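All remarks here apply to the structure that follows.
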There are 2 protein chains.
Amino acid sequence: VILQNFKVDFAYPVYFTDSFFDREKNKEDIFAKCGIERGSKFLFVIDSNVVSANAQLTSLIEKYFELSQYEMAGEVVVIPGGESSKNNFDHVNKILTAIDQHKIDRHSYIVAIGGGAVLDAAGFAAAIAHRGIRHLRFPTTVLSQNDSGVGVKNGINYFGKKNFLGTFAPPFAVINDYSFLKTLSDRDFRCGISEAIKVGLIKDKTFFEFIESNAEKLNHRDEEVTRQLIFRCAEIHVQHNASGDPFEQGNSRPLDYGHWSAHKLEQLSGFNIRHGEAVAMGMCLDAVYANKKGLLSDHELMRVVLLMKKLQFKLFFPEMDLKSGIQNKLLSGLQEFREHLGGELTIMLIEKIGKGIEVHEVEEKLMLEAIVTMKKGTDN
Amino acid sequence: VILQNFKVDFAYPVYFTDSFFDREKNKEDIFAKCGIERGSKFLFVIDSNVVSANAQLTSLIEKYFELSQYEMAGEVVVIPGGESSKNNFDHVNKILTAIDQHKIDRHSYIVAIGGGAVLDAAGFAAAIAHRGIRHLRFPTTVLSQNDSGVGVKNGINYFGKKNFLGTFAPPFAVINDYSFLKTLSDRDFRCGISEAIKVGLIKDKTFFEFIESNAEKLNHRDEEVTRQLIFRCAEIHVQHNASGDPFEQGNSRPLDYGHWSAHKLEQLSGFNIRHGEAVAMGMCLDAVYANKKGLLSDHELMRVVLLMKKLQFKLFFPEMDLKSGIQNKLLSGLQEFREHLGGELTIMLIEKIGKGIEVHEVEEKLMLEAIVTMKKGTDN
C-alpha cells in the first residue's frame, strides 16, 4: 500500500466597499490589492435583476475596464436572477460557452455579480471549467453578502433537487459592494436578516441582542446598522469555515440551523417563498420543537418569535399543511436533508440563545405538534 | 477586509492486490481496511471493455456483496470504454441518474472500474453530485494503475476540447488489481509503459534504467517486472503530488512532459491513437527539440529513442504532417496546452535522463525541424 497525504491551503479576502465600478466615486483599486496581474482577462456574469435595477452598471463596468490595466473578455453574460438561474443547466452552459469562446483560462477571472442563486450557478460553471477558473464574487443582496457569498459552496438544482450538482470551491476574492443593497426591494432586504439571526442564535448571543435592539432600524433599512450586521455575520461565517470542516467531510453542518424545513418549504412553494423567509420560519419551527423537547426555555423561545415578528417575518405558510398520504410534506424535508449530506441525520437545534446543540434524531410526532403550534400563531 | 484562510487535509491509500472480487482467491478485506462502515452503499460504474474481457466480473461483484457487510445499490452502470466515455455528457448523466435513483449520498461510495477515460468520467460525476460523493477507483489498465488512476484529477471533453470540464477531487481509495491487466491487448499493455518512462526521464534515472534493462521482459509482459514498474511509477506520482501543487494552482505541470503534442495528436487522430502511444511520440519529439536546443546530449537522446523503438512505439504519425494555412496542426497544441492551464506557457523538457527542466518559450521553427527529424526516422 502507498499512502497519499497532502494539505491544500486556501485563502481569500472579503472586501467591503461602495460603488466599486464607479471610478468617480471610488478610486480604490481592489483588483490590484487582490494581486491580480496586469493584462488579466475578466469574464462577467450578471444577475438579470441586478442589470434591471442598476441601469448604468454595464456601461460603468465597460468604462472601468477601458481605464484599467485589465481586459474585459466579450459581452457581459446575463442570467436570470433568483432560483430559476439554478433550475436549468442551460444557464451554466451559457457561461461555459462564453468561457470557451473567449478563451478564459485558469489564470483569467470569472466575475459573478448577483444574488446567491446566480453566484451559485456561476460559481459552479467556474469550478468545473478547466478544473477551476479563478472566481470573483460580488454578492448583491444582504443574504449573499453576509452568508452564501462569503462561503465556499456552489451548486445548481438537478432532477428537481436543490443543489444536486455542485462543488466546494473557494473564490479568489469576495467584494461586498454596499451600493447594490440600495436597489433591493424591502422583501429582499429583509430576507438577508434571517441568516444573521441564525448565526446569533447558534453562536453569538451578543450579535442576537444587537439585532434585537436594532430591529426597528433594520425595518427602516438603516445603513449603519445594516453595514454592521453584514460585517459581523460575514465574519462569523468566515471564522466558522476556518476552524471547522469547510468541505463538509464529516456529518455535521452547524450553520444549517433551521434549514431542513426551509429547503423543503422553498421547494413546496415552487420557490415563491424566498430562502430568507423560509429560514426565518425554519428557525422558529425548530425553536418551538426544542422548547417542546425541553431544550429551550419558554422565555428564550418568546424572544426568538418576537424578533421574527418585529422584523415582519411570516411564520406559517399553507405549504406547511400539505400532506402526501399520512405524511406531512414538510417533514419529508428531514429525510432529504439527511440524504444530501449523507450518513447519520444531524440537525442543529438551540438550547439557549447563542448556543447550538446537535441532535441525531427528530421525534416526528413532536415536530408535527410544533407545526400545529406555528399554525396557531406560535403562541405556546 | 476579512481574510479567510484554511487548510484542507486530503489522504487516501493506493492498494495493490489481485482478483479482488473473487472471494475464493482473495480473502483480504480491503474495504474494511479503508475504514468503510458496515451497511455502506456502493454504486458500481464499469467500463464496457472490462465487462467484455471479464465475463464473470458482474456476477463476482454481486456474490461479493451478498456475502459482505455492505450493500450494492442497483444494477451496475456500464459506460463505453475508451475516450468515447468522455466525449458525451450523456454518460455522466447516466451515472448522475443512478446516483439520484439509488439515493447515493455523500457517505455512500461510487466504485469505478475501468481504464483512465472511464475513471475520469465516473470521477467527474462523483465529484459534482451532492458536492462530492466518496469515490473508489479500480484502474484496469497499466496506464491508469501507474498514472491517472492514482492522481486527483477527473474530467470529460466538452466543446470538442480535452478535459474542458473537470475538477480536482482526491479519491477515497485506489485499488490496483493486477488480474485486470491480464486481459489487456498487447497494444493497451504497451501504452501504460510510456508514463513510466516519463517519470523516469524527468525524475528518476534509476527507474529509467530499470525500464531500459527490462524492455525485452516488458515486451513479453513479464508479471514481476510489470508489478515493479507499476508500483514504482505510482509511488513517484503520489510523492510528486504530496510535495507539489496537487490542485495546480500555479503555472507548472511537471508531469506533463511530452503531453502538449500528445494531447493534440490524440485529437487530430480522432482518438484512434491512444494516449500512451501519443505520449511516447511526444516525449521523443520534445527530446529531439531539447537536443536541437543544445539541452540534451546526442547520446542521451539516442537512449530515449532506442528505448521507445525497443518497446515498439511508433514515433511518427501522418497527423503530424497536417497543416492549416501556414501552421502545422500539431504545433497548435502548444497554444491549447497553455490555454488549458492558463497563464504563461510552461513546458517541461529534459536536460538529461532523470532531470526535467521547465521552459517558457518554444521556438516554433526549431520544433518544426524536430517534427521533420521525427519523420526521417528520428536519426539526427
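The chains in the C-alpha cells are called A, B, ... from first to last as shown; in each chain the residues are counted from 1, and the ligands are counted from 1 in the order shown.
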Just need the residues of chain A within 7 Å of chain B, counting only C-alpha atoms, so spit them out as a ChimeraX atom specification.
-> /A:1-16,103,105-107,128-132,163-168,235,238,242,339-343
Could you pull the residues within 8 Å of Met348 in chain A, counting only C-alpha atoms, minus those fewer than 4 positions along the same chain, as a count of residues only?
-> 10
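Rounded to one decimal, CA of Gly115 in chain A and CA of Cys34 in chain A lie 22.1 Å from each other.
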Taken to one decimal, the CA of Ile197 in chain B-CA of Glu209 in chain B distance is 9.3 Å
List as a PDB file with all heavy atoms, in the first residue's frame the protein and nucleic acid residues near Gln267 in chain A, meaning an atom at most 12 Å away when only C-alpha atoms are counted, but skip any in the same chain fewer than 6 places from it.
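Final output, saved to out.pdb:
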```pdb
ATOM      1  N   GLU A  83     -33.954  31.795  -8.078  1.00  0.00           N
ATOM      2  CA  GLU A  83     -33.736  30.352  -8.145  1.00  0.00           C
ATOM      3  C   GLU A  83     -33.769  29.795  -9.565  1.00  0.00           C
ATOM      4  O   GLU A  83     -33.171  28.763  -9.839  1.00  0.00           O
ATOM      5  CB  GLU A  83     -34.775  29.655  -7.251  1.00  0.00           C
ATOM      6  CG  GLU A  83     -34.440  28.236  -6.850  1.00  0.00           C
ATOM      7  CD  GLU A  83     -33.247  28.098  -5.891  1.00  0.00           C
ATOM      8  OE1 GLU A  83     -32.851  29.102  -5.254  1.00  0.00           O
ATOM      9  OE2 GLU A  83     -32.706  26.989  -5.803  1.00  0.00           O
ATOM     10  N   SER A  84     -34.443  30.504 -10.490  1.00  0.00           N
ATOM     11  CA  SER A  84     -34.534  29.955 -11.838  1.00  0.00           C
ATOM     12  C   SER A  84     -33.149  29.841 -12.496  1.00  0.00           C
ATOM     13  O   SER A  84     -32.944  29.004 -13.360  1.00  0.00           O
ATOM     14  CB  SER A  84     -35.478  30.775 -12.709  1.00  0.00           C
ATOM     15  OG  SER A  84     -34.901  32.023 -12.939  1.00  0.00           O
ATOM     16  N   ASN A  87     -32.135  26.376 -11.852  1.00  0.00           N
ATOM     17  CA  ASN A  87     -33.030  25.266 -12.206  1.00  0.00           C
ATOM     18  C   ASN A  87     -32.799  24.723 -13.606  1.00  0.00           C
ATOM     19  O   ASN A  87     -33.503  23.813 -14.025  1.00  0.00           O
ATOM     20  CB  ASN A  87     -34.489  25.699 -12.065  1.00  0.00           C
ATOM     21  CG  ASN A  87     -34.947  25.594 -10.620  1.00  0.00           C
ATOM     22  OD1 ASN A  87     -34.450  24.735  -9.880  1.00  0.00           O
ATOM     23  ND2 ASN A  87     -35.861  26.452 -10.211  1.00  0.00           N
ATOM     24  N   ASN A 157     -29.615  23.174  -9.112  1.00  0.00           N
ATOM     25  CA  ASN A 157     -30.615  22.135  -8.881  1.00  0.00           C
ATOM     26  C   ASN A 157     -30.649  21.211 -10.098  1.00  0.00           C
ATOM     27  O   ASN A 157     -30.405  21.641 -11.222  1.00  0.00           O
ATOM     28  CB  ASN A 157     -31.978  22.784  -8.638  1.00  0.00           C
ATOM     29  CG  ASN A 157     -31.891  23.864  -7.569  1.00  0.00           C
ATOM     30  OD1 ASN A 157     -31.054  23.777  -6.669  1.00  0.00           O
ATOM     31  ND2 ASN A 157     -32.732  24.887  -7.674  1.00  0.00           N
ATOM     32  N   GLY A 160     -34.757  18.146 -10.235  1.00  0.00           N
ATOM     33  CA  GLY A 160     -35.682  18.807  -9.313  1.00  0.00           C
ATOM     34  C   GLY A 160     -35.192  18.864  -7.878  1.00  0.00           C
ATOM     35  O   GLY A 160     -35.945  19.235  -6.983  1.00  0.00           O
ATOM     36  N   LYS A 161     -33.928  18.530  -7.634  1.00  0.00           N
ATOM     37  CA  LYS A 161     -33.421  18.531  -6.259  1.00  0.00           C
ATOM     38  C   LYS A 161     -32.453  19.678  -6.037  1.00  0.00           C
ATOM     39  O   LYS A 161     -31.526  19.906  -6.824  1.00  0.00           O
ATOM     40  CB  LYS A 161     -32.698  17.208  -5.967  1.00  0.00           C
ATOM     41  CG  LYS A 161     -33.593  16.002  -6.198  1.00  0.00           C
ATOM     42  CD  LYS A 161     -33.469  14.962  -5.122  1.00  0.00           C
ATOM     43  CE  LYS A 161     -34.621  13.972  -5.197  1.00  0.00           C
ATOM     44  NZ  LYS A 161     -34.214  12.655  -5.666  1.00  0.00           N
ATOM     45  N   LYS A 162     -32.669  20.358  -4.939  1.00  0.00           N
ATOM     46  CA  LYS A 162     -31.856  21.521  -4.589  1.00  0.00           C
ATOM     47  C   LYS A 162     -30.376  21.151  -4.479  1.00  0.00           C
ATOM     48  O   LYS A 162     -30.009  20.205  -3.772  1.00  0.00           O
ATOM     49  CB  LYS A 162     -32.380  22.058  -3.252  1.00  0.00           C
ATOM     50  CG  LYS A 162     -31.654  23.283  -2.756  1.00  0.00           C
ATOM     51  CD  LYS A 162     -32.526  24.519  -2.730  1.00  0.00           C
ATOM     52  CE  LYS A 162     -31.749  25.689  -2.132  1.00  0.00           C
ATOM     53  NZ  LYS A 162     -32.280  26.970  -2.559  1.00  0.00           N
ATOM     54  N   ASN A 163     -29.539  21.911  -5.165  1.00  0.00           N
ATOM     55  CA  ASN A 163     -28.088  21.728  -5.098  1.00  0.00           C
ATOM     56  C   ASN A 163     -27.633  20.295  -5.348  1.00  0.00           C
ATOM     57  O   ASN A 163     -26.643  19.837  -4.767  1.00  0.00           O
ATOM     58  CB  ASN A 163     -27.543  22.184  -3.733  1.00  0.00           C
ATOM     59  CG  ASN A 163     -27.737  23.671  -3.523  1.00  0.00           C
ATOM     60  OD1 ASN A 163     -27.653  24.452  -4.470  1.00  0.00           O
ATOM     61  ND2 ASN A 163     -28.013  24.064  -2.301  1.00  0.00           N
ATOM     62  N   TRP A 260     -33.426  22.432   7.332  1.00  0.00           N
ATOM     63  CA  TRP A 260     -34.049  21.232   6.744  1.00  0.00           C
ATOM     64  C   TRP A 260     -35.458  21.556   6.267  1.00  0.00           C
ATOM     65  O   TRP A 260     -35.862  21.166   5.172  1.00  0.00           O
ATOM     66  CB  TRP A 260     -34.029  20.049   7.730  1.00  0.00           C
ATOM     67  CG  TRP A 260     -34.935  20.218   8.928  1.00  0.00           C
ATOM     68  CD1 TRP A 260     -34.593  20.724  10.142  1.00  0.00           C
ATOM     69  CD2 TRP A 260     -36.332  19.898   8.989  1.00  0.00           C
ATOM     70  NE1 TRP A 260     -35.685  20.763  10.972  1.00  0.00           N
ATOM     71  CE2 TRP A 260     -36.773  20.253  10.284  1.00  0.00           C
ATOM     72  CE3 TRP A 260     -37.252  19.353   8.095  1.00  0.00           C
ATOM     73  CZ2 TRP A 260     -38.094  20.076  10.701  1.00  0.00           C
ATOM     74  CZ3 TRP A 260     -38.572  19.185   8.519  1.00  0.00           C
ATOM     75  CH2 TRP A 260     -38.970  19.541   9.804  1.00  0.00           C
ATOM     76  N   SER A 261     -36.228  22.283   7.093  1.00  0.00           N
ATOM     77  CA  SER A 261     -37.606  22.609   6.703  1.00  0.00           C
ATOM     78  C   SER A 261     -37.635  23.780   5.727  1.00  0.00           C
ATOM     79  O   SER A 261     -38.513  23.866   4.865  1.00  0.00           O
ATOM     80  CB  SER A 261     -38.446  22.930   7.939  1.00  0.00           C
ATOM     81  OG  SER A 261     -37.872  24.014   8.653  1.00  0.00           O
ATOM     82  N   ILE A 273     -41.582  31.219  -2.088  1.00  0.00           N
ATOM     83  CA  ILE A 273     -41.078  31.666  -0.788  1.00  0.00           C
ATOM     84  C   ILE A 273     -39.561  31.766  -0.914  1.00  0.00           C
ATOM     85  O   ILE A 273     -38.910  30.860  -1.403  1.00  0.00           O
ATOM     86  CB  ILE A 273     -41.480  30.668   0.326  1.00  0.00           C
ATOM     87  CG1 ILE A 273     -43.009  30.560   0.397  1.00  0.00           C
ATOM     88  CG2 ILE A 273     -40.882  31.077   1.667  1.00  0.00           C
ATOM     89  CD1 ILE A 273     -43.516  29.456   1.305  1.00  0.00           C
ATOM     90  N   ARG A 274     -39.020  32.906  -0.490  1.00  0.00           N
ATOM     91  CA  ARG A 274     -37.574  33.104  -0.626  1.00  0.00           C
ATOM     92  C   ARG A 274     -36.819  32.346   0.465  1.00  0.00           C
ATOM     93  O   ARG A 274     -37.367  32.062   1.526  1.00  0.00           O
ATOM     94  CB  ARG A 274     -37.227  34.606  -0.471  1.00  0.00           C
ATOM     95  CG  ARG A 274     -37.986  35.516  -1.385  1.00  0.00           C
ATOM     96  CD  ARG A 274     -37.243  35.771  -2.673  1.00  0.00           C
ATOM     97  NE  ARG A 274     -38.158  36.337  -3.646  1.00  0.00           N
ATOM     98  CZ  ARG A 274     -38.331  37.651  -3.854  1.00  0.00           C
ATOM     99  NH1 ARG A 274     -37.650  38.530  -3.164  1.00  0.00           N
ATOM    100  NH2 ARG A 274     -39.174  38.075  -4.767  1.00  0.00           N
ATOM    101  N   HIS A 275     -35.543  32.117   0.199  1.00  0.00           N
ATOM    102  CA  HIS A 275     -34.720  31.371   1.154  1.00  0.00           C
ATOM    103  C   HIS A 275     -34.744  32.022   2.543  1.00  0.00           C
ATOM    104  O   HIS A 275     -34.976  31.350   3.553  1.00  0.00           O
ATOM    105  CB  HIS A 275     -33.283  31.277   0.633  1.00  0.00           C
ATOM    106  CG  HIS A 275     -32.379  30.454   1.503  1.00  0.00           C
ATOM    107  ND1 HIS A 275     -32.557  29.103   1.697  1.00  0.00           N
ATOM    108  CD2 HIS A 275     -31.286  30.786   2.259  1.00  0.00           C
ATOM    109  CE1 HIS A 275     -31.619  28.636   2.515  1.00  0.00           C
ATOM    110  NE2 HIS A 275     -30.839  29.640   2.865  1.00  0.00           N
ATOM    111  N   ALA A 278     -38.000  31.448   4.279  1.00  0.00           N
ATOM    112  CA  ALA A 278     -38.150  30.056   4.693  1.00  0.00           C
ATOM    113  C   ALA A 278     -37.267  29.758   5.907  1.00  0.00           C
ATOM    114  O   ALA A 278     -37.673  29.036   6.826  1.00  0.00           O
ATOM    115  CB  ALA A 278     -37.803  29.133   3.526  1.00  0.00           C
ATOM    116  N   GLU A 319     -48.224  25.802   2.673  1.00  0.00           N
ATOM    117  CA  GLU A 319     -47.454  24.623   2.244  1.00  0.00           C
ATOM    118  C   GLU A 319     -47.108  23.725   3.424  1.00  0.00           C
ATOM    119  O   GLU A 319     -46.824  22.538   3.243  1.00  0.00           O
ATOM    120  CB  GLU A 319     -46.151  25.047   1.549  1.00  0.00           C
ATOM    121  CG  GLU A 319     -46.306  25.648   0.161  1.00  0.00           C
ATOM    122  CD  GLU A 319     -46.669  27.131   0.177  1.00  0.00           C
ATOM    123  OE1 GLU A 319     -46.910  27.707   1.278  1.00  0.00           O
ATOM    124  OE2 GLU A 319     -46.716  27.726  -0.910  1.00  0.00           O
ATOM    125  N   MET A 320     -47.099  24.301   4.646  1.00  0.00           N
ATOM    126  CA  MET A 320     -46.720  23.505   5.808  1.00  0.00           C
ATOM    127  C   MET A 320     -47.829  22.536   6.202  1.00  0.00           C
ATOM    128  O   MET A 320     -47.626  21.639   7.020  1.00  0.00           O
ATOM    129  CB  MET A 320     -46.362  24.437   6.972  1.00  0.00           C
ATOM    130  CG  MET A 320     -45.120  25.263   6.654  1.00  0.00           C
ATOM    131  SD  MET A 320     -44.922  26.701   7.733  1.00  0.00           S
ATOM    132  CE  MET A 320     -44.542  25.887   9.303  1.00  0.00           C
ATOM    133  N   LYS A 329     -45.946  16.903   4.230  1.00  0.00           N
ATOM    134  CA  LYS A 329     -44.879  17.031   3.230  1.00  0.00           C
ATOM    135  C   LYS A 329     -43.643  17.761   3.750  1.00  0.00           C
ATOM    136  O   LYS A 329     -42.534  17.498   3.312  1.00  0.00           O
ATOM    137  CB  LYS A 329     -45.403  17.734   1.972  1.00  0.00           C
ATOM    138  CG  LYS A 329     -46.238  16.811   1.113  1.00  0.00           C
ATOM    139  CD  LYS A 329     -46.346  17.351  -0.303  1.00  0.00           C
ATOM    140  CE  LYS A 329     -47.057  16.338  -1.180  1.00  0.00           C
ATOM    141  NZ  LYS A 329     -47.179  16.817  -2.561  1.00  0.00           N
ATOM    142  N   LEU A 330     -43.859  18.705   4.659  1.00  0.00           N
ATOM    143  CA  LEU A 330     -42.697  19.425   5.184  1.00  0.00           C
ATOM    144  C   LEU A 330     -41.732  18.444   5.850  1.00  0.00           C
ATOM    145  O   LEU A 330     -40.514  18.556   5.699  1.00  0.00           O
ATOM    146  CB  LEU A 330     -43.149  20.485   6.201  1.00  0.00           C
ATOM    147  CG  LEU A 330     -42.089  21.522   6.571  1.00  0.00           C
ATOM    148  CD1 LEU A 330     -41.756  22.408   5.385  1.00  0.00           C
ATOM    149  CD2 LEU A 330     -42.554  22.389   7.738  1.00  0.00           C
ATOM    150  N   SER A 332     -40.950  15.473   5.125  1.00  0.00           N
ATOM    151  CA  SER A 332     -40.074  14.689   4.255  1.00  0.00           C
ATOM    152  C   SER A 332     -38.771  15.441   3.977  1.00  0.00           C
ATOM    153  O   SER A 332     -37.789  14.864   3.521  1.00  0.00           O
ATOM    154  CB  SER A 332     -40.781  14.309   2.956  1.00  0.00           C
ATOM    155  OG  SER A 332     -41.054  15.478   2.219  1.00  0.00           O
ATOM    156  N   GLY A 333     -38.753  16.731   4.297  1.00  0.00           N
ATOM    157  CA  GLY A 333     -37.512  17.502   4.203  1.00  0.00           C
ATOM    158  C   GLY A 333     -36.421  16.952   5.108  1.00  0.00           C
ATOM    159  O   GLY A 333     -35.231  17.099   4.817  1.00  0.00           O
ATOM    160  N   GLU A 336     -34.713  14.195   3.142  1.00  0.00           N
ATOM    161  CA  GLU A 336     -33.930  14.763   2.030  1.00  0.00           C
ATOM    162  C   GLU A 336     -32.676  15.483   2.532  1.00  0.00           C
ATOM    163  O   GLU A 336     -31.633  15.451   1.902  1.00  0.00           O
ATOM    164  CB  GLU A 336     -34.802  15.716   1.190  1.00  0.00           C
ATOM    165  CG  GLU A 336     -35.797  14.955   0.344  1.00  0.00           C
ATOM    166  CD  GLU A 336     -36.844  15.862  -0.318  1.00  0.00           C
ATOM    167  OE1 GLU A 336     -36.575  17.068  -0.508  1.00  0.00           O
ATOM    168  OE2 GLU A 336     -37.943  15.348  -0.632  1.00  0.00           O
TER     169      GLU A 336
END
```
Step one, run DSSP on the backbone; step two, keep only residues of range 152-324 of chain A assigned to strand (DSSP E); then write them as a PyMOL selection string.
-> chain A and resi 156-158+161-165+173-177+323-324
Could you give me, as a PyMOL selection string, each residue of range 190-350 of chain B that DSSP assigns to helix (DSSP H, G or I) when run on this structure's backbone?
-> chain B and resi 190-191+193-203+205-213+215-219+223-243+254-256+259-268+275-292+298-310+318-321+329-341
Close residues, Lys182 in chain A itself excluded, 10 Å, only C-alpha atoms, min 6 positions apart in chain, as a compact mmCIF listing (two decimals) with N, CA and C atoms, in the first residue's frame:
```txt
# COMPACT_ATOMS: atom_id res chain seq x y z
N ALA A 53 -32.06 46.65 -12.11
CA ALA A 53 -32.11 47.64 -11.02
C ALA A 53 -30.97 48.65 -11.11
N THR A 140 -24.90 40.70 -4.27
CA THR A 140 -25.67 41.95 -4.37
C THR A 140 -26.88 42.00 -3.45
N THR A 141 -27.04 40.99 -2.61
CA THR A 141 -28.15 41.01 -1.65
C THR A 141 -27.59 40.94 -0.24
N PHE A 189 -34.48 42.78 1.00
CA PHE A 189 -33.64 43.32 2.07
C PHE A 189 -33.87 42.52 3.35
N ARG A 221 -34.24 50.04 7.19
CA ARG A 221 -33.04 49.87 6.36
C ARG A 221 -31.95 50.88 6.69
N GLU A 223 -28.62 52.38 7.26
CA GLU A 223 -27.41 51.94 6.58
C GLU A 223 -26.32 51.50 7.54
```
Which of these residues is nearest to Gly377 in chain A, using only C-alpha atoms: A:Ile202, A:Val77, A:Met281, A:Ala196?
->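 Of A:Ile202, A:Val77, A:Met281, A:Ala196, the one nearest Gly377 in chain A is A:Met281, counting only C-alpha atoms.
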Nearby residues (only C-alpha atoms) at most 7 Å from Val305 in chain A, same-chain spacing under 4 positions excluded, as an NGL selection string | :A and (284 or 301 or 309)
Would you mind listing what lies within 12 Å of Pro139 in chain A as a ChimeraX atom specification, with only C-alpha atoms counted and same-chain residues fewer than 5 positions away left out?
-> /A:14-17,45-47,50,111-120,122-123,144-151,171,173-181,192,230,234
Closest to Leu285 in chain B among B:Glu369, B:Glu300, B:Glu363, B:Glu216, using only C-alpha atoms?
->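 Smallest separation from Leu285 in chain B among the options: B:Glu369.
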Pick from A:Val142, A:Leu136, A:Lys205, A:Phe89 nearest to Leu184 in chain A, counting only C-alpha atoms = A:Val142
Point-to-point distance in Å for CA of Ile326 in chain A and CA of Glu277 in chain A =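 For CA of Glu277 in chain A relative to CA of Ile326 in chain A, the distance reads 26.7 Å.
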Residue nearest Gln327 in chain A - candidates A:Val279, A:Leu345, A:Leu307, A:Leu368, atoms counted: only C-alpha atoms =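 When distances to Gln327 in chain A are compared using only C-alpha atoms, the smallest one comes from A:Leu368.
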